[in-house]
Each structure stands twice: as C-alpha cells, then as structure tokens.
$ cat my_file39.cif   # mmCIF, C-alpha atoms and all ligand atoms
data_input
#
loop_
_atom_site.label_atom_id
_atom_site.label_comp_id
_atom_site.auth_asym_id
_atom_site.auth_seq_id
_atom_site.Cartn_x
_atom_site.Cartn_y
_atom_site.Cartn_z
CA MET J 2 39.49 125.60 32.23
CA ASP J 3 37.37 122.50 32.91
CA SER J 4 40.13 120.10 31.95
CA ILE J 5 40.69 119.00 35.55
CA TRP J 6 37.16 117.68 35.80
CA THR J 7 37.27 114.04 34.91
CA ALA J 8 34.06 112.09 35.28
CA GLU J 9 35.57 110.47 38.35
CA LEU J 10 36.39 113.80 39.93
CA VAL J 11 32.89 115.09 39.27
CA ASP J 12 31.48 112.00 40.93
CA GLN J 13 33.68 112.56 43.94
CA LEU J 14 32.69 116.19 44.09
CA SER J 15 29.02 115.27 43.99
CA ALA J 16 29.45 112.63 46.67
CA LEU J 17 31.36 114.90 49.02
CA TRP J 18 28.93 117.70 48.33
CA GLN J 19 26.01 115.50 49.29
CA GLN J 20 27.85 114.51 52.46
CA GLY J 21 27.73 118.13 53.46
CA LEU J 22 31.44 118.90 53.36
CA SER J 23 32.41 122.51 52.96
CA THR J 24 33.74 123.62 49.59
CA ALA J 25 37.16 124.14 51.20
CA GLU J 26 37.16 120.58 52.56
CA ILE J 27 36.08 119.14 49.23
CA GLY J 28 38.82 121.07 47.50
CA ARG J 29 41.38 119.75 49.95
CA LYS J 30 40.26 116.17 49.49
CA LEU J 31 40.21 116.40 45.71
CA GLY J 32 43.40 118.43 45.49
CA ILE J 33 41.76 121.38 43.78
CA SER J 34 41.00 124.92 44.81
CA LYS J 35 37.92 125.90 46.72
CA ASN J 36 36.98 128.23 43.88
CA ALA J 37 37.12 125.34 41.43
CA VAL J 38 34.78 123.38 43.69
CA VAL J 39 32.36 126.29 43.97
CA GLY J 40 32.42 126.96 40.25
CA LYS J 41 31.91 123.34 39.29
CA ALA J 42 29.18 122.81 41.83
CA HIS J 43 27.41 125.83 40.43
CA ARG J 44 27.74 124.53 36.90
CA LEU J 45 26.56 121.08 37.94
CA MET J 46 23.63 122.80 39.65
CA LEU J 47 24.14 120.77 42.75
CA THR J 48 21.36 121.34 45.22
CA PRO J 49 21.99 123.57 48.18
CA ARG J 50 22.80 121.49 51.19
CA PRO J 51 21.43 121.68 54.68
CA SER J 52 23.90 123.28 57.01
CA PRO J 53 26.23 120.64 58.39
CA LEU J 54 26.51 122.68 61.56
CA LYS J 55 22.88 122.12 62.40
CA SER J 56 22.64 119.75 65.32
CA PRO J 57 19.70 118.55 67.35
CA PRO J 58 19.14 120.43 70.59
CA ILE J 59 20.68 118.85 73.62
CA ARG J 60 18.01 117.29 75.72
CA HIS J 61 18.39 117.06 79.43
CA ALA J 62 17.65 113.72 80.94
CA ALA J 63 14.56 114.91 82.73
CA GLY J 64 12.94 112.51 85.11
CA LYS J 65 15.90 110.20 85.10
CA ALA J 66 16.55 108.65 88.47
CA GLY J 67 19.50 110.18 90.18
CA PRO J 68 22.34 108.24 91.70
CA THR J 69 21.39 106.02 94.56
CA CYS J 70 23.11 105.25 97.82
CA SER J 71 25.81 102.63 97.42
CA TRP J 72 26.04 101.80 101.09
CA PRO J 73 26.23 98.01 101.26
CA HIS J 74 23.88 95.93 103.32
CA GLY J 75 25.11 92.49 104.19
CA HIS J 76 28.27 90.95 102.86
CA PRO J 77 29.34 91.03 99.22
CA GLY J 78 28.99 87.63 97.56
CA GLN J 79 26.46 86.37 100.08
CA PRO J 80 22.69 86.06 99.55
CA GLY J 81 20.76 89.13 100.53
CA PHE J 82 23.62 91.48 99.82
CA ARG J 83 22.36 94.73 98.38
CA PHE J 84 23.00 98.41 98.30
CA CYS J 85 20.92 100.95 100.20
CA GLY J 86 19.47 102.51 97.04
CA LYS J 87 18.06 105.68 98.60
CA ARG J 88 18.56 109.10 97.03
CA VAL J 89 22.06 110.32 97.67
CA VAL J 90 23.27 113.57 99.12
CA PRO J 91 24.38 115.68 96.14
CA GLY J 92 28.09 115.17 95.59
CA LYS J 93 28.25 112.14 97.85
CA PRO J 94 27.77 108.44 97.06
CA TYR J 95 25.48 107.87 100.04
CA CYS J 96 22.07 108.89 101.30
CA PRO J 97 22.00 111.39 104.18
CA GLU J 98 21.82 108.63 106.76
CA HIS J 99 24.76 106.68 105.40
CA ALA J 100 26.74 109.76 104.49
CA ALA J 101 26.63 110.68 108.15
CA MET J 102 27.96 107.25 109.01
CA ALA J 103 30.58 107.25 106.25
CA TYR J 104 32.01 110.64 106.95
CA ILE J 105 31.77 110.64 110.70
CA GLN J 106 35.05 111.37 112.33
CA PRO J 107 36.59 108.34 113.93
CA LYS J 108 36.18 108.51 117.65
CA GLU J 109 39.25 109.55 119.41
CA ARG J 110 40.71 106.73 121.25
CA LYS J 111 41.34 107.37 124.81
CA VAL J 112 44.97 106.99 125.35
CA GLN J 113 45.32 104.89 128.35
CA ALA J 114 48.36 105.52 130.31
CA ALA J 115 49.92 102.18 130.73
ZN ZN J 201 21.92 104.79 102.29
#
$ encode --input "my_file39.cif" --output "structure tokens"
Amino acid sequence: MDSIWTAELVDQLSALWQQGLSTAEIGRKLGISKNAVVGKAHRLMLTPRPSPLKSPPIRHAAGKAGPTCSWPHGHPGQPGFRFCGKRVVPGKPYCPEHAAMAYIQPKERKVQAA
C-alpha cells in the first residue's frame, strides 16, 4: 500500500505539511488522495500544525491623523504654496471653512436686459 511513497514524495509531503496546507491541498498537489496524505502523515508522526486560519486581530489605526483640508493657499509651483491642512469635514476634502467656500452655490447672475 505504501508503494506510492517515494523518498521524494515523503519530502514533499513533509514540506507542504509544515507549510500548513490542508491534507486535501497536499493531496491535490502531490496527486494522491487526501486519505493517503492523512495516513502517511500519521505514520510519519508529523507534528500537529498550528491552524493556518489563525490570523492576527485587525488593529484599527487609532490616533492616526485624519485627512486634512486640501484647499490650496497660493499658486501651485510657486514658493509659499501649501494646503490648508485643517481637519476636514467627514466625507469632504475640505475643512468646514473651505467646504463652505467650495460647495457654495454660484451666485445667480443678474440677467441684465440689454
Ligand atoms: Zn481648509
């Protein structure tokens, strides 16, 4: 029954096993059945592996500076040009002051009767 297990195949099994692949995945890669992988691993007394599904908890970027106002001061390319840099209104690229300026409705032009 063990005839499929060449030294090379056993090495590959051990390597994949240590990488944390599932027995089904190892079987697929090696072209053998999952049961053969399980049986051979048992016979080789390969150490139980840590769960590959375990992942570090997602950490929220606490204390990270939020987006800042990108309202330009000055003229791009000229000395002294900078962005406002204040805290923005949530969902908008500008601080409250500049958001008001950016999103203000254009004044209606008085239509002069010619
Ligand atoms: Zn601003």
$ residues_near_ligand --input "my_file39.cif" --ligand "ligand ZN 201 (chain J)" --cutoff "7 Å" --atoms "all atoms listed in the file" --output "PyMOL selection string"
chain J and resi 70-72+85-87+95-99
$ closest_residue --input "my_file39.cif" --among "J:Gly75, J:Val11, J:Gly67, J:Val38" --to "Thr24 of chain J" --atoms "only C-alpha atoms"
J:Val38
$ atom_distance --input "my_file39.cif" --atom1 "atom CA of Ala8 of chain J" --atom2 "atom CA of His43 of chain J"
16.1 Å
$ residues_around --input "my_file39.cif" --residues "Ser23 of chain J" --least-positions-apart "2" --cutoff "10 Å" --atoms "all atoms listed in the file" --output "PyMOL selection string"
chain J and resi 17-18+20-21+25-29+35+38-39+50+52-53
$ residues_around --input "my_file39.cif" --residues "Pro68 of chain J" --least-positions-apart "4" --cutoff "8 Å" --atoms "all atoms listed in the file" --output "number ranges by chain"
J: 88-89, 94
$ closest_residue --input "my_file39.cif" --among "J:Ala100, J:Leu47, J:Val90, J:Ala37" --to "Trp6 of chain J" --atoms "all atoms listed in the file"
J:Ala37
$ atom_distance --input "my_file39.cif" --atom1 "atom CA of Lys93 of chain J" --atom2 "atom CA of Gln79 of chain J"
25.9 Å
$ atom_distance --input "my_file39.cif" --atom1 "atom CA of Phe84 of chain J" --atom2 "atom CA of Ile105 of chain J"
19.5 Å
$ closest_residue --input "my_file39.cif" --among "J:Pro91, J:Pro73, J:Tyr104, J:Ala42" --to "Asp12 of chain J" --atoms "only C-alpha atoms"
J:Ala42
$ closest_residue --input "my_file39.cif" --among "J:Gly81, J:Gly92, J:His76, J:Leu14" --to "Lys41 of chain J" --atoms "only C-alpha atoms"
J:Leu14
